[in-house]
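Novice: Below is the file start37.cif, which contains mmCIF, C-alpha atoms and all ligand atoms.
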```
data_coords
loop_
_atom_site.label_atom_id
_atom_site.label_comp_id
_atom_site.auth_asym_id
_atom_site.auth_seq_id
_atom_site.Cartn_x
_atom_site.Cartn_y
_atom_site.Cartn_z
CA MET A 1335 -16.71 -14.89 15.66
CA PHE A 1336 -16.01 -12.66 12.69
CA ARG A 1337 -13.71 -9.83 11.73
CA ILE A 1338 -14.75 -6.48 10.39
CA GLY A 1339 -12.29 -4.62 8.19
CA ILE A 1340 -12.81 -1.00 7.21
CA ASP A 1341 -10.94 0.85 4.50
CA LEU A 1342 -11.22 4.53 5.28
CA GLY A 1343 -10.45 6.16 1.96
CA GLY A 1344 -10.60 9.72 0.73
CA THR A 1345 -13.72 9.14 -1.37
CA LYS A 1346 -15.34 6.02 0.09
CA ILE A 1347 -15.52 4.03 3.28
CA GLU A 1348 -15.67 0.30 2.64
CA LEU A 1349 -16.58 -2.41 5.14
CA LEU A 1350 -15.93 -6.12 4.78
CA ALA A 1351 -16.84 -8.81 7.30
CA LEU A 1352 -14.75 -11.98 7.18
CA GLY A 1353 -15.62 -15.29 8.82
CA ASN A 1354 -13.16 -17.53 10.64
CA GLU A 1355 -11.74 -19.03 7.48
CA GLY A 1356 -11.49 -15.71 5.66
CA GLU A 1357 -14.79 -16.15 3.82
CA VAL A 1358 -16.62 -12.94 2.94
CA LEU A 1359 -19.79 -12.61 5.01
CA LEU A 1360 -20.82 -9.14 3.97
CA ARG A 1361 -19.70 -6.00 2.17
CA ARG A 1362 -20.93 -2.44 2.59
CA ARG A 1363 -19.71 0.92 1.41
CA CYS A 1364 -20.62 4.58 1.62
CA ALA A 1365 -19.19 7.89 0.45
CA THR A 1366 -16.68 9.58 2.79
CA PRO A 1367 -18.13 12.82 4.17
CA GLN A 1368 -15.69 15.33 2.67
CA GLY A 1369 -13.61 17.35 5.10
CA ASP A 1370 -15.88 16.34 7.98
CA TYR A 1371 -14.18 14.40 10.77
CA HIS A 1372 -17.24 13.89 12.96
CA GLY A 1373 -19.34 13.01 9.92
CA THR A 1374 -16.69 10.42 8.99
CA LEU A 1375 -16.90 8.89 12.48
CA ARG A 1376 -20.69 8.74 12.27
CA ALA A 1377 -20.60 7.14 8.81
CA LEU A 1378 -18.13 4.53 10.01
CA GLY A 1379 -20.17 3.79 13.14
CA GLY A 1380 -23.31 3.45 11.02
CA LEU A 1381 -21.65 0.90 8.71
CA VAL A 1382 -20.50 -1.23 11.65
CA GLU A 1383 -23.91 -1.09 13.33
CA ALA A 1384 -25.73 -2.05 10.13
CA ALA A 1385 -23.33 -4.95 9.47
CA GLU A 1386 -23.69 -6.31 12.99
CA GLN A 1387 -27.45 -6.08 12.80
CA VAL A 1388 -27.44 -8.24 9.67
CA LEU A 1389 -24.94 -10.73 11.12
CA GLY A 1390 -26.62 -10.79 14.54
CA ARG A 1391 -23.43 -10.44 16.60
CA LYS A 1392 -20.43 -8.26 17.30
CA GLY A 1393 -17.12 -8.60 15.50
CA THR A 1394 -13.61 -7.31 15.94
CA VAL A 1395 -12.88 -4.05 14.10
CA GLY A 1396 -9.72 -3.16 12.20
CA VAL A 1397 -9.37 0.05 10.22
CA GLY A 1398 -6.95 0.80 7.40
CA MET A 1399 -6.36 4.38 6.38
CA PRO A 1400 -3.90 6.58 4.54
CA GLY A 1401 -1.56 7.90 7.22
CA ALA A 1402 -0.44 6.60 10.59
CA GLU A 1403 -0.89 7.11 14.29
CA SER A 1404 1.77 9.34 15.75
CA ALA A 1405 4.00 7.43 18.15
CA ALA A 1406 3.64 10.49 20.39
CA GLY A 1407 0.05 10.48 21.61
CA GLY A 1408 -1.69 8.46 18.91
CA ARG A 1409 -3.03 11.31 16.84
CA ILE A 1410 -3.17 10.76 13.08
CA LYS A 1411 -0.33 12.03 10.90
CA ASN A 1412 0.51 11.92 7.18
CA ALA A 1413 -3.09 11.32 6.04
CA ASN A 1414 -4.06 12.76 2.68
CA SER A 1415 -7.64 12.95 3.98
CA THR A 1416 -6.42 15.92 5.94
CA CYS A 1417 -9.45 16.18 8.26
CA LEU A 1418 -8.06 13.07 10.03
CA ASN A 1419 -4.70 14.66 10.78
CA GLY A 1420 -4.19 15.64 14.40
CA ARG A 1421 -7.29 13.67 15.49
CA PRO A 1422 -7.26 10.85 18.06
CA LEU A 1423 -9.07 8.57 15.60
CA ARG A 1424 -8.57 5.30 17.45
CA ASP A 1425 -9.73 6.70 20.81
CA ASP A 1426 -12.78 8.22 19.17
CA LEU A 1427 -13.65 4.99 17.35
CA GLN A 1428 -13.20 2.93 20.50
CA ALA A 1429 -15.56 5.24 22.38
CA LEU A 1430 -18.06 5.12 19.53
CA LEU A 1431 -17.96 1.35 18.98
CA GLN A 1432 -17.43 0.37 22.62
CA ARG A 1433 -14.54 -1.99 21.96
CA GLU A 1434 -10.84 -2.07 21.18
CA VAL A 1435 -10.15 -0.98 17.60
CA ARG A 1436 -6.94 -1.58 15.65
CA LEU A 1437 -5.71 0.95 13.11
CA ALA A 1438 -3.05 0.61 10.47
CA ASN A 1439 -1.71 2.38 7.45
CA ASP A 1440 -3.35 1.18 4.23
CA ALA A 1441 -0.07 -0.08 2.75
CA ASN A 1442 0.42 -2.20 5.87
CA CYS A 1443 -3.10 -3.57 5.44
CA PHE A 1444 -2.34 -4.39 1.80
CA ALA A 1445 0.83 -6.26 2.78
CA LEU A 1446 -0.98 -8.14 5.56
CA SER A 1447 -3.83 -9.24 3.32
CA GLU A 1448 -1.42 -10.56 0.70
CA ALA A 1449 0.71 -12.25 3.39
CA ILE A 1450 -2.24 -14.11 4.89
CA ASP A 1451 -4.00 -15.53 1.87
CA GLY A 1452 -2.65 -13.74 -1.16
CA ALA A 1453 0.57 -13.64 -3.18
CA GLY A 1454 2.74 -13.92 -0.05
CA LYS A 1455 0.98 -16.73 1.76
CA ASP A 1456 3.33 -19.31 3.27
CA THR A 1457 6.10 -16.69 3.27
CA GLU A 1458 7.67 -15.53 6.53
CA VAL A 1459 8.64 -12.01 5.44
CA VAL A 1460 6.53 -10.08 2.91
CA PHE A 1461 7.13 -6.57 1.61
CA GLY A 1462 4.02 -5.00 0.10
CA VAL A 1463 4.38 -2.06 -2.24
CA ILE A 1464 1.67 0.27 -3.48
CA LEU A 1465 2.53 1.86 -6.82
CA GLY A 1466 -0.33 4.25 -7.46
CA THR A 1467 -0.98 7.95 -7.09
CA GLY A 1468 1.61 7.72 -4.34
CA VAL A 1469 4.12 5.04 -3.35
CA GLY A 1470 3.83 3.25 -0.01
CA GLY A 1471 5.17 0.10 1.54
CA GLY A 1472 4.40 -2.26 4.39
CA ILE A 1473 6.24 -5.09 6.11
CA VAL A 1474 4.65 -8.29 7.42
CA VAL A 1475 6.59 -10.84 9.44
CA GLY A 1476 4.94 -14.12 10.45
CA GLN A 1477 1.55 -12.78 9.30
CA ARG A 1478 1.75 -9.76 11.63
CA VAL A 1479 2.34 -6.16 10.58
CA LEU A 1480 5.70 -4.79 11.64
CA ALA A 1481 4.74 -1.25 12.61
CA GLY A 1482 8.04 -0.02 13.97
CA VAL A 1483 8.82 2.24 16.91
CA ASN A 1484 7.91 5.37 14.93
CA HIS A 1485 5.06 3.63 13.05
CA ILE A 1486 6.86 4.16 9.75
CA ALA A 1487 8.30 0.70 9.02
CA GLY A 1488 8.15 0.08 5.26
CA GLU A 1489 7.74 3.77 4.33
CA TRP A 1490 10.07 3.34 1.46
CA GLY A 1491 8.38 5.85 -0.86
CA HIS A 1492 10.22 8.76 0.72
CA ASN A 1493 13.68 7.27 0.57
CA PRO A 1494 15.71 8.90 -2.16
CA LEU A 1495 16.15 6.84 -5.30
CA PRO A 1496 19.72 5.50 -5.15
CA LEU A 1497 22.22 7.61 -7.07
CA PRO A 1498 24.41 7.86 -9.03
CA GLY A 1499 22.43 6.53 -11.93
CA GLU A 1500 21.46 7.44 -15.41
CA GLU A 1501 19.73 10.62 -14.22
CA THR A 1502 21.11 13.69 -15.88
CA LEU A 1503 18.27 16.03 -14.91
CA PRO A 1504 17.81 17.46 -11.41
CA PRO A 1505 15.66 15.10 -9.28
CA PRO A 1506 11.95 16.00 -9.08
CA ARG A 1507 10.63 17.80 -6.00
CA CYS A 1508 8.45 15.79 -3.64
CA TYR A 1509 5.50 17.12 -1.63
CA CYS A 1510 7.31 15.99 1.53
CA GLY A 1511 9.82 18.79 1.04
CA ARG A 1512 12.72 16.72 -0.30
CA SER A 1513 13.77 15.88 -3.84
CA GLY A 1514 14.19 12.62 -5.70
CA CYS A 1515 12.07 10.47 -3.38
CA VAL A 1516 11.23 7.00 -4.74
CA GLU A 1517 7.62 8.22 -4.99
CA THR A 1518 8.53 11.04 -7.38
CA TRP A 1519 9.90 8.45 -9.85
CA LEU A 1520 7.71 5.42 -9.29
CA SER A 1521 4.18 6.74 -8.71
CA GLY A 1522 1.77 7.01 -11.66
CA PRO A 1523 2.15 10.82 -11.83
CA GLY A 1524 5.93 10.31 -11.46
CA LEU A 1525 5.99 8.06 -14.52
CA GLY A 1526 4.04 10.63 -16.54
CA ALA A 1527 6.28 13.47 -15.37
CA ASP A 1528 9.41 11.52 -16.32
CA HIS A 1529 8.06 10.95 -19.82
CA LEU A 1530 7.41 14.68 -20.13
CA ARG A 1531 10.87 15.62 -18.80
CA HIS A 1532 12.45 13.45 -21.47
CA GLY A 1533 10.64 15.33 -24.22
CA GLY A 1534 7.56 13.15 -24.47
CA GLU A 1535 3.91 14.17 -24.56
CA ALA A 1536 1.82 14.74 -21.45
CA LEU A 1537 0.47 11.20 -20.97
CA GLY A 1538 -0.84 9.14 -18.09
CA ALA A 1539 0.77 5.87 -17.04
CA GLU A 1540 -1.83 3.78 -18.83
CA ALA A 1541 -1.40 5.61 -22.15
CA ILE A 1542 2.40 5.28 -21.90
CA CYS A 1543 2.04 1.50 -21.47
CA THR A 1544 -0.45 1.16 -24.31
CA ARG A 1545 1.76 3.15 -26.67
CA ALA A 1546 4.90 1.28 -25.63
CA SER A 1547 3.27 -2.05 -26.52
CA ALA A 1548 2.21 -0.56 -29.87
CA GLY A 1549 5.88 0.18 -30.62
CA ASP A 1550 6.22 3.84 -29.58
CA GLN A 1551 9.95 4.18 -28.85
CA ALA A 1552 9.76 7.19 -26.51
CA CYS A 1553 7.16 5.42 -24.36
CA GLU A 1554 9.23 2.23 -24.46
CA GLN A 1555 12.29 4.10 -23.17
CA THR A 1556 10.22 5.70 -20.41
CA LEU A 1557 9.04 2.28 -19.27
CA ARG A 1558 12.60 0.95 -19.34
CA ARG A 1559 13.77 3.81 -17.14
CA TYR A 1560 10.86 3.01 -14.82
CA GLU A 1561 11.86 -0.66 -14.64
CA ARG A 1562 15.49 0.15 -13.90
CA ARG A 1563 14.51 2.58 -11.14
CA LEU A 1564 12.05 0.14 -9.59
CA ALA A 1565 14.72 -2.57 -9.65
CA LYS A 1566 17.28 -0.29 -8.02
CA ALA A 1567 14.88 0.90 -5.34
CA LEU A 1568 13.66 -2.62 -4.52
CA ALA A 1569 17.21 -3.96 -4.38
CA GLN A 1570 17.74 -1.70 -1.36
CA VAL A 1571 14.73 -3.27 0.34
CA VAL A 1572 16.11 -6.74 -0.41
CA ASN A 1573 19.52 -5.83 1.02
CA ILE A 1574 17.96 -4.64 4.29
CA LEU A 1575 14.87 -6.81 4.81
CA ASP A 1576 15.50 -9.79 2.51
CA PRO A 1577 11.79 -10.65 2.11
CA GLY A 1578 10.67 -13.91 0.49
CA VAL A 1579 8.05 -12.11 -1.56
CA ILE A 1580 7.65 -8.54 -2.74
CA VAL A 1581 4.05 -8.02 -3.79
CA LEU A 1582 2.97 -5.08 -5.91
CA GLY A 1583 -0.37 -3.29 -5.61
CA GLY A 1584 -1.86 -0.05 -6.92
CA GLY A 1585 -2.60 0.87 -10.52
CA LEU A 1586 0.95 0.36 -11.82
CA SER A 1587 1.04 -3.21 -10.50
CA ASN A 1588 -1.04 -4.02 -13.60
CA ILE A 1589 2.01 -3.48 -15.84
CA GLU A 1590 2.65 -7.13 -16.62
CA ARG A 1591 6.22 -6.69 -17.93
CA LEU A 1592 7.48 -5.51 -14.52
CA TYR A 1593 7.35 -9.05 -13.12
CA ASP A 1594 9.79 -10.25 -15.72
CA ALA A 1595 11.99 -7.18 -16.23
CA VAL A 1596 12.55 -6.05 -12.65
CA PRO A 1597 13.92 -9.34 -11.24
CA ARG A 1598 16.32 -9.49 -14.20
CA LEU A 1599 17.52 -5.97 -13.42
CA TRP A 1600 17.73 -6.01 -9.62
CA ALA A 1601 20.47 -8.65 -9.44
CA ALA A 1602 23.12 -6.03 -10.18
CA ALA A 1603 22.29 -4.17 -6.96
CA ILE A 1604 21.54 -7.09 -4.61
CA PHE A 1605 24.45 -8.16 -2.45
CA SER A 1606 24.05 -11.91 -2.74
CA ASP A 1607 25.09 -14.88 -4.86
CA THR A 1608 21.54 -16.28 -4.79
CA ILE A 1609 18.33 -14.31 -5.27
CA ARG A 1610 15.29 -16.29 -4.24
CA THR A 1611 13.13 -13.20 -3.74
CA ARG A 1612 9.94 -13.39 -5.78
CA LEU A 1613 8.29 -10.30 -7.26
CA MET A 1614 4.55 -10.95 -7.49
CA ARG A 1615 1.34 -9.29 -8.45
CA ASN A 1616 -1.31 -9.00 -5.76
CA VAL A 1617 -4.11 -11.57 -5.58
CA HIS A 1618 -6.82 -9.53 -3.89
CA GLY A 1619 -6.65 -6.37 -6.00
CA ASP A 1620 -8.65 -3.45 -4.66
CA SER A 1621 -9.96 -5.58 -1.79
CA SER A 1622 -6.52 -6.03 -0.24
CA GLY A 1623 -6.77 -2.93 1.95
CA VAL A 1624 -10.10 -3.80 3.52
CA ARG A 1625 -9.17 -7.48 3.89
CA GLY A 1626 -5.93 -6.55 5.62
CA ALA A 1627 -7.81 -4.25 7.98
CA ALA A 1628 -9.98 -7.19 9.03
CA TRP A 1629 -6.87 -9.38 9.48
CA LEU A 1630 -5.36 -6.87 11.93
CA TRP A 1631 -7.16 -9.18 14.38
CA ASN A 1632 -5.25 -12.25 13.31
CA ASP A 1633 -4.32 -13.38 16.81
CA ARG A 1634 -7.72 -14.54 18.05
ZN ZN A 1701 9.13 12.59 -0.46
#
```
Represent the structure contained in this file as structure tokens.
Specialist:
Amino acid sequence: MFRIGIDLGGTKIELLALGNEGEVLLRRRCATPQGDYHGTLRALGGLVEAAEQVLGRKGTVGVGMPGAESAAGGRIKNANSTCLNGRPLRDDLQALLQREVRLANDANCFALSEAIDGAGKDTEVVFGVILGTGVGGGIVVGQRVLAGVNHIAGEWGHNPLPLPGEETLPPPRCYCGRSGCVETWLSGPGLGADHLRHGGEALGAEAICTRASAGDQACEQTLRRYERRLAKALAQVVNILDPGVIVLGGGLSNIERLYDAVPRLWAAAIFSDTIRTRLMRNVHGDSSGVRGAAWLWNDR
């Protein structure tokens, strides 16, 4: 048997087929039909059909996507590919593919992939964090996604950053309607906006990091604020969930200094004499989402 994972992204749909031992059998991708729900279904069905023709048999299908199934009725909510919102995606895929399909949020897929054979393997409880354009999180316990009764377990990006802190400016507004969400501080755009608010130039996250390592003091201070905020926000996760491993993904997970600085800083806010929690970089990089989607069928 084999497992098909699909990463349904805003710009591309990626398919990966994994064998029994997690070996990659096949990869396929296509562009996501923009703003076209039925076109998206057809593209996804076409990828699965083509993969199964090559492999000569049927696999299980797991799909990772931005957003979640509503606990009331299963329609999609919170997806930034807005044509998915309000649609019964899983029912439609099951009808199209003639089998049971599992769906999960892409941050959950990331956490699952890293828990099975990535940075969190051999760890009972793994918290996966995406630090990218947005901030998301997912929880895996015993190599299974913990979805939660409202399907929002791990959605840490829209918790407020703990206050009081060093913040003297009003907290930034978040698209969710609140202010000061973790995402507004810790996403890539959030890092750039913070640099700007503190009198710096309009720079992206990558440029801030490059300049900080070249000795630019304003960029260095921006990164230090970022590290302190990340430490504070993750300390709350540790106090509630106490995971063995916290694994970082998304573009900002490439900032090497985080893995040294943040664990030094989070101790002040963790309510424990020992801190065995490890902060780790992901192993599977951009493939984590699609791998995790395939591993949604980890019980057979
Ligand atoms: Zn928010």
Novice: Name the closest residue to Gly1534 of chain A among the candidates A:Leu1520, A:Glu1554, A:Tyr1509, A:Ile1574; distances are taken between atoms, counting only C-alpha atoms.
Specialist: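 Of the candidates, the smallest distance to Gly1534 of chain A is held by A:Glu1554.
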Novice: Quick one: pull the distance between atom CA of Leu1381 of chain A and atom CA of Arg1363 of chain A, Å, one decimal.
Specialist: 7.6 Å
Novice: Which residue out of A:Pro1400, A:Gly1344, A:Gly1407, A:Gly1524 has the minimum interatomic distance to ligand ZN 1701 (chain A) when all atoms listed in the file are used?
Specialist: A:Gly1524
Novice: Set out as a tab-separated table a contact list for chain A and ligand ZN 1701 (chain A) with a cut-off of 12 Å, giving each residue of chain A that qualifies its closest atom pair and distance in Å to one decimal, counting only C-alpha atoms and all ligand atoms, ordered by chain and rising residue number.
Specialist:
```
residue	atom	partner	partner_atom	distance
A:Asn1412	CA	A:ZN1701	ZN	11.5
A:Gly1468	CA	A:ZN1701	ZN	9.8
A:Val1469	CA	A:ZN1701	ZN	9.5
A:Gly1470	CA	A:ZN1701	ZN	10.7
A:Glu1489	CA	A:ZN1701	ZN	10.1
A:Trp1490	CA	A:ZN1701	ZN	9.5
A:Gly1491	CA	A:ZN1701	ZN	6.8
A:His1492	CA	A:ZN1701	ZN	4.2
A:Asn1493	CA	A:ZN1701	ZN	7.1
A:Pro1494	CA	A:ZN1701	ZN	7.7
A:Leu1495	CA	A:ZN1701	ZN	10.3
A:Pro1505	CA	A:ZN1701	ZN	11.3
A:Pro1506	CA	A:ZN1701	ZN	9.7
A:Arg1507	CA	A:ZN1701	ZN	7.8
A:Cys1508	CA	A:ZN1701	ZN	4.6
A:Tyr1509	CA	A:ZN1701	ZN	5.9
A:Cys1510	CA	A:ZN1701	ZN	4.3
A:Gly1511	CA	A:ZN1701	ZN	6.4
A:Arg1512	CA	A:ZN1701	ZN	5.5
A:Ser1513	CA	A:ZN1701	ZN	6.6
A:Gly1514	CA	A:ZN1701	ZN	7.3
A:Cys1515	CA	A:ZN1701	ZN	4.7
A:Val1516	CA	A:ZN1701	ZN	7.3
A:Glu1517	CA	A:ZN1701	ZN	6.5
A:Thr1518	CA	A:ZN1701	ZN	7.1
A:Trp1519	CA	A:ZN1701	ZN	10.3
A:Leu1520	CA	A:ZN1701	ZN	11.5
A:Ser1521	CA	A:ZN1701	ZN	11.3
A:Gly1524	CA	A:ZN1701	ZN	11.7
```
Novice: Please provide the set of residues having any atom within 8 Å of Asn1439 of chain A, restricted to all atoms listed in the file, with same-chain residues fewer than 4 positions apart removed, written as number ranges by chain.
Specialist: A: 1398-1402, 1443
Novice: Kindly extract all protein, DNA and RNA residues lying within 12 Å of the coordinates (-21.0, 4.9, 12.3) given in the file, considering only C-alpha atoms, and supply them as a count of residues only.
Specialist: 31
Novice: Env of Tyr1593 of chain A: 10 Å cut, atoms = only C-alpha atoms, seq-sep filter 5 positions within chain, self excluded. Answer as a ChimeraX atom specification.
Specialist: /A:1561,1581-1582,1587-1588,1598,1612-1615
Novice: Output the selection as a PDB file, in the frame of the given file - C-alpha atoms for each residue.
Specialist:
```pdb
ATOM      1  CA  GLU A1561      11.860  -0.660 -14.640  1.00  0.00           C
ATOM      2  CA  VAL A1581       4.050  -8.020  -3.790  1.00  0.00           C
ATOM      3  CA  LEU A1582       2.970  -5.080  -5.910  1.00  0.00           C
ATOM      4  CA  SER A1587       1.040  -3.210 -10.500  1.00  0.00           C
ATOM      5  CA  ASN A1588      -1.040  -4.020 -13.600  1.00  0.00           C
ATOM      6  CA  ARG A1598      16.320  -9.490 -14.200  1.00  0.00           C
ATOM      7  CA  ARG A1612       9.940 -13.390  -5.780  1.00  0.00           C
ATOM      8  CA  LEU A1613       8.290 -10.300  -7.260  1.00  0.00           C
ATOM      9  CA  MET A1614       4.550 -10.950  -7.490  1.00  0.00           C
ATOM     10  CA  ARG A1615       1.340  -9.290  -8.450  1.00  0.00           C
TER      11      ARG A1615
END
```
Novice: Choose the residue, out of A:Glu1590, A:Glu1458, A:Glu1403, A:Glu1357, that has the smallest atom-to-atom separation from Cys1543 of chain A; count only C-alpha atoms.
Specialist: A:Glu1590
Novice: If I take atom CA of Ala1536 of chain A and atom CA of Thr1345 of chain A, how far is one from the other in Å, to one decimal?
Specialist: 26.0 Å
Novice: Write out as a ChimeraX atom specification which residues come within 9 Å of His1529 of chain A when counting all atoms listed in the file, dropping same-chain ones fewer than 6 positions away.
Specialist: /A:1535-1537,1542,1552-1553,1555-1557
Novice: Return the single residue from A:Val1624, A:Leu1630, A:Leu1586, A:Ile1410 that is closest to Val1358 of chain A, with distances computed using all atoms listed in the file.
Specialist: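 Closest to Val1358 of chain A, using all atoms listed in the file: A:Val1624.
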Novice: Using only C-alpha atoms, which residues sit within 10 Å of Gly1369 of chain A once same-chain residues fewer than 6 positions away are excluded, as a list in words?
Specialist: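 In the requested format, the answer is Gly1344, Ser1415, Thr1416, Cys1417 and Leu1418 of chain A.
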Novice: Could you state the separation of atom CA of Val1479 of chain A and atom CA of Leu1352 of chain A in Å, given to one decimal place?
Specialist: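 Value for the atom CA of Val1479 of chain A-atom CA of Leu1352 of chain A distance: 18.4 Å.
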Novice: Smallest atom-to-atom distance to Thr1457 of chain A: which of A:Leu1350, A:Val1435, A:Val1617, A:Val1579, using only C-alpha atoms?
Specialist: A:Val1579
Novice: Would you mind telling me which residue in A:Ala1449, A:Val1388, A:Leu1480, A:Ala1413 lies nearest to Ile1580 of chain A when using only C-alpha atoms?
Specialist: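 Looking only at the distances to Ile1580 of chain A, the closest residue turns out to be A:Ala1449.
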Novice: Can you tell me which residues surround Ala1453 of chain A at a distance of at most 6 Å, considering all atoms listed in the file, apart from same-chain residues fewer than 2 positions away, and format the answer as a ChimeraX atom specification?
Specialist: /A:1448,1455,1616-1617
Novice: Could you tell me, as a VMD selection string, which residues have any atom at most 6 Å from (-13.3, -5.1, 11.9), counting all atoms listed in the file?
Specialist: chain A and resid 1337 to 1339 1394 to 1396 1628
